[in-house]
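A short write-up of the structure that comes next.
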Amino acid sequence: MSSHKQHRQHAPTNINFYVITISTSRYEKMMKKEPVIDESGDIIKQLIIQSNYNVVGYDLVPDEKVKILKAFANALDNSQTDVIISTGGTGYTQSDVTVETIRRIFDREIEGFSDVFRLVSYNDPEVRSASYLTKATAGIVNGKVIFLLPGSPDAVRLAMRELILPEVGHLLYIVRRK
Ligand SMILES: Nc1ncnc2c1ncn2[C@@H]1O[C@H](COP(=O)(O)OP(=O)(O)OP(=O)(O)O)[C@@H](O)[C@H]1O
Ligand SMILES: Nc1nc2c(c(=O)[nH]1)N[C@H]1C(S)=C(S)[C@@H](COP(=O)(O)O)O[C@H]1N2
């Protein structure tokens, strides 16, 4: 058996995820106590549960760096959290600050995630050239893994199904090795 497959066998099977939605419009609705539809956040949670992993926390914040940092600090400070997945604010509008805000706290960035995510997005006929309009990336902080995904439900579904869920156990195994 290849060493890659052996490592996959050692992957943890019980993985705890913390989900953070970054959306100014949805945050404002929540503050006005209006009903909030967070389709992308819901898709992430649903796919985690379908994979027999756990959701240990959820937060909804606007595109504001201090609120984003607070949400990630809170998720990282939760001893249960293994993986944080966020959705939103990875594009190039002037309010998109997720990647610039969180990248600076990464111990190490997982650059390959951005490469492969944009490749699979490009191969989706619905996305094609719009694939390079996201700075979606991943990184490691204190042995916990963070994925910063775009806001679109299709992007979130693609990243979770094709890239994150099949590899996350193996990734945590590697991140925890000396
Ligand atoms: N949580 C979400 N659920 C479903 N769709 C979303 C979500 N967040 C963003 N989208 C959609 O993804 C696309 C781009 O997302 P982006 O993060 O730029 O959000 P937006 O809707 O412009 O933002 P905001 O709520 O921050 O004003 C838009 O088409 C938006 O409607
Ligand atoms: N797979 C995939 N990637 C995608 C998209 C998508 O729908 N699916 N949308 C693109 C578009 S149109 C933009 S503006 C950015 C959005 O990033 P944001 O929603 O985080 O701002 O992601 C890009 N990457």
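Identifiers for the structure tokens are assigned positionally: chains receive A, B, ... in sequence, residues are indexed from 1 per chain, and ligands are indexed from 1 in the order shown.
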
Original post:
Which residues sit within 12 Å of ligand 1, counting only C-alpha atoms and all ligand atoms, listed as number ranges by chain?
Top reply: A: 19-30, 36-45, 59-64, 68, 86-99, 130, 133-136, 148-157

Subject >> segment 3-167 of chain A: residues DSSP assigns to helix (DSSP H, G or I), reported as a PyMOL selection string >> reply: chain A and resi 3-9+24-31+39-50+65-77+98-103+111-122+128-133+153-164

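A straight line drawn from atom 15 (C, counted along the ligand's line) of ligand 2 to atom CA of Thr101 of chain A is 16.7 Å long.
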
Which residues of segment 78-113 of chain A have any atom within 12 Å of an atom in segment 159-173 of chain A when counting only C-alpha atoms, and what is the closest pair of atoms for each, with the distance in Å to one decimal? Order the rows by chain and rising number and write it as CSV.
```
residue,atom,partner,partner_atom,distance
A:Thr81,CA,A:Leu172,CA,11.8
A:Asp82,CA,A:Leu172,CA,8.0
A:Val83,CA,A:Val168,CA,8.5
A:Ile84,CA,A:Val168,CA,11.2
A:Ile85,CA,A:Met160,CA,9.4
A:Ser86,CA,A:Met160,CA,11.3
A:Thr87,CA,A:Ala159,CA,10.7
A:Ile110,CA,A:Leu171,CA,10.3
A:Gly112,CA,A:Leu163,CA,10.7
A:Phe113,CA,A:Leu163,CA,7.9
```

Can you write out the residues you just picked, keeping N, CA and C atoms, as an mmCIF file, in the first residue's frame?
```cif
data_model
loop_
_atom_site.group_PDB
_atom_site.id
_atom_site.type_symbol
_atom_site.label_atom_id
_atom_site.label_comp_id
_atom_site.auth_asym_id
_atom_site.auth_seq_id
_atom_site.Cartn_x
_atom_site.Cartn_y
_atom_site.Cartn_z
ATOM 1 N N THR A 81 -12.862 22.886 18.449
ATOM 2 C CA THR A 81 -12.731 23.156 17.006
ATOM 3 C C THR A 81 -11.508 22.487 16.385
ATOM 4 N N ASP A 82 -11.727 21.713 15.310
ATOM 5 C CA ASP A 82 -10.630 21.173 14.505
ATOM 6 C C ASP A 82 -10.477 21.962 13.206
ATOM 7 N N VAL A 83 -11.607 22.341 12.616
ATOM 8 C CA VAL A 83 -11.617 22.964 11.288
ATOM 9 C C VAL A 83 -12.604 24.126 11.295
ATOM 10 N N ILE A 84 -12.213 25.251 10.685
ATOM 11 C CA ILE A 84 -13.129 26.392 10.528
ATOM 12 C C ILE A 84 -13.378 26.572 9.036
ATOM 13 N N ILE A 85 -14.657 26.686 8.667
ATOM 14 C CA ILE A 85 -14.995 26.959 7.265
ATOM 15 C C ILE A 85 -15.766 28.266 7.225
ATOM 16 N N SER A 86 -15.285 29.242 6.431
ATOM 17 C CA SER A 86 -16.078 30.463 6.275
ATOM 18 C C SER A 86 -16.565 30.569 4.849
ATOM 19 N N THR A 87 -17.643 31.354 4.666
ATOM 20 C CA THR A 87 -18.196 31.621 3.336
ATOM 21 C C THR A 87 -18.453 33.113 3.197
ATOM 22 N N ILE A 110 -2.064 27.117 3.044
ATOM 23 C CA ILE A 110 -2.138 25.914 2.197
ATOM 24 C C ILE A 110 -2.410 26.409 0.779
ATOM 25 N N GLY A 112 -1.903 25.296 -2.114
ATOM 26 C CA GLY A 112 -2.449 24.345 -3.087
ATOM 27 C C GLY A 112 -3.962 24.332 -3.119
ATOM 28 N N PHE A 113 -4.596 24.686 -1.999
ATOM 29 C CA PHE A 113 -6.068 24.715 -2.001
ATOM 30 C C PHE A 113 -6.585 25.743 -3.010
#
```

Subject >> Tyr122 of chain A surroundings by only C-alpha atoms, 6 Å radius, close-in-sequence under 5 positions cut, as a list in words >> reply: Val127, Arg128 and Ser131 of chain A

**OP:** Considering only C-alpha atoms and all ligand atoms, state which residue in the set A:Asp124, A:Asp115, A:Glu34, A:Asp77 is at the smallest distance from ligand 2.
**Re:** A:Asp124

**OP:** Select from segment 32-132 of chain A everything DSSP, run on the backbone, classes as strand (DSSP E or B), then give the selection as an MDAnalysis selection string.
**Re:** chainID A and resid 54:61 83:87 108:109

Would you output that residue set with N, CA, C and O atoms, as an mmCIF file, in the first residue's frame?
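Result went into again-v6.cif, see below:
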```cif
data_model
loop_
_atom_site.group_PDB
_atom_site.id
_atom_site.type_symbol
_atom_site.label_atom_id
_atom_site.label_comp_id
_atom_site.auth_asym_id
_atom_site.auth_seq_id
_atom_site.Cartn_x
_atom_site.Cartn_y
_atom_site.Cartn_z
ATOM 1 N N ASN A 54 -18.989 16.662 12.809
ATOM 2 C CA ASN A 54 -19.829 17.466 13.720
ATOM 3 C C ASN A 54 -19.687 18.964 13.463
ATOM 4 O O ASN A 54 -18.607 19.438 13.126
ATOM 5 N N VAL A 55 -20.789 19.693 13.699
ATOM 6 C CA VAL A 55 -20.767 21.159 13.680
ATOM 7 C C VAL A 55 -20.798 21.601 15.146
ATOM 8 O O VAL A 55 -21.754 21.317 15.864
ATOM 9 N N VAL A 56 -19.727 22.287 15.605
ATOM 10 C CA VAL A 56 -19.650 22.680 17.022
ATOM 11 C C VAL A 56 -19.905 24.174 17.230
ATOM 12 O O VAL A 56 -19.974 24.634 18.364
ATOM 13 N N GLY A 57 -20.032 24.925 16.133
ATOM 14 C CA GLY A 57 -20.292 26.355 16.302
ATOM 15 C C GLY A 57 -20.652 27.003 14.987
ATOM 16 O O GLY A 57 -20.356 26.458 13.906
ATOM 17 N N TYR A 58 -21.334 28.148 15.098
ATOM 18 C CA TYR A 58 -21.746 28.899 13.902
ATOM 19 C C TYR A 58 -21.798 30.370 14.267
ATOM 20 O O TYR A 58 -22.208 30.735 15.365
ATOM 21 N N ASP A 59 -21.366 31.213 13.334
ATOM 22 C CA ASP A 59 -21.435 32.659 13.566
ATOM 23 C C ASP A 59 -21.773 33.343 12.247
ATOM 24 O O ASP A 59 -21.464 32.817 11.170
ATOM 25 N N LEU A 60 -22.404 34.498 12.336
ATOM 26 C CA LEU A 60 -22.724 35.314 11.157
ATOM 27 C C LEU A 60 -22.208 36.715 11.423
ATOM 28 O O LEU A 60 -22.629 37.348 12.403
ATOM 29 N N VAL A 61 -21.277 37.184 10.582
ATOM 30 C CA VAL A 61 -20.678 38.510 10.794
ATOM 31 C C VAL A 61 -20.693 39.302 9.484
ATOM 32 O O VAL A 61 -20.775 38.725 8.404
ATOM 33 N N VAL A 83 -11.607 22.341 12.616
ATOM 34 C CA VAL A 83 -11.617 22.964 11.288
ATOM 35 C C VAL A 83 -12.604 24.126 11.295
ATOM 36 O O VAL A 83 -13.703 24.002 11.847
ATOM 37 N N ILE A 84 -12.213 25.251 10.685
ATOM 38 C CA ILE A 84 -13.129 26.392 10.528
ATOM 39 C C ILE A 84 -13.378 26.572 9.036
ATOM 40 O O ILE A 84 -12.432 26.601 8.250
ATOM 41 N N ILE A 85 -14.657 26.686 8.667
ATOM 42 C CA ILE A 85 -14.995 26.959 7.265
ATOM 43 C C ILE A 85 -15.766 28.266 7.225
ATOM 44 O O ILE A 85 -16.802 28.386 7.897
ATOM 45 N N SER A 86 -15.285 29.242 6.431
ATOM 46 C CA SER A 86 -16.078 30.463 6.275
ATOM 47 C C SER A 86 -16.565 30.569 4.849
ATOM 48 O O SER A 86 -16.014 29.964 3.930
ATOM 49 N N THR A 87 -17.643 31.354 4.666
ATOM 50 C CA THR A 87 -18.196 31.621 3.336
ATOM 51 C C THR A 87 -18.453 33.113 3.197
ATOM 52 O O THR A 87 -19.056 33.720 4.076
ATOM 53 N N ARG A 108 0.802 28.889 8.611
ATOM 54 C CA ARG A 108 1.203 28.490 7.261
ATOM 55 C C ARG A 108 -0.028 28.533 6.375
ATOM 56 O O ARG A 108 -1.132 28.170 6.801
ATOM 57 N N GLU A 109 0.166 28.954 5.133
ATOM 58 C CA GLU A 109 -0.945 28.955 4.174
ATOM 59 C C GLU A 109 -0.905 27.674 3.350
ATOM 60 O O GLU A 109 0.187 27.188 3.005
#
```

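With distances restricted to only C-alpha atoms and all ligand atoms, A:Arg118 is the closest residue to ligand 2 from A:His10, A:Lys144, A:Lys65, A:Arg118.
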
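Each of A:Phe147, A:Lys32, A:Arg177, A:Ala71 was compared to ligand 2 using only C-alpha atoms and all ligand atoms, and A:Phe147 turns out to be the nearest.
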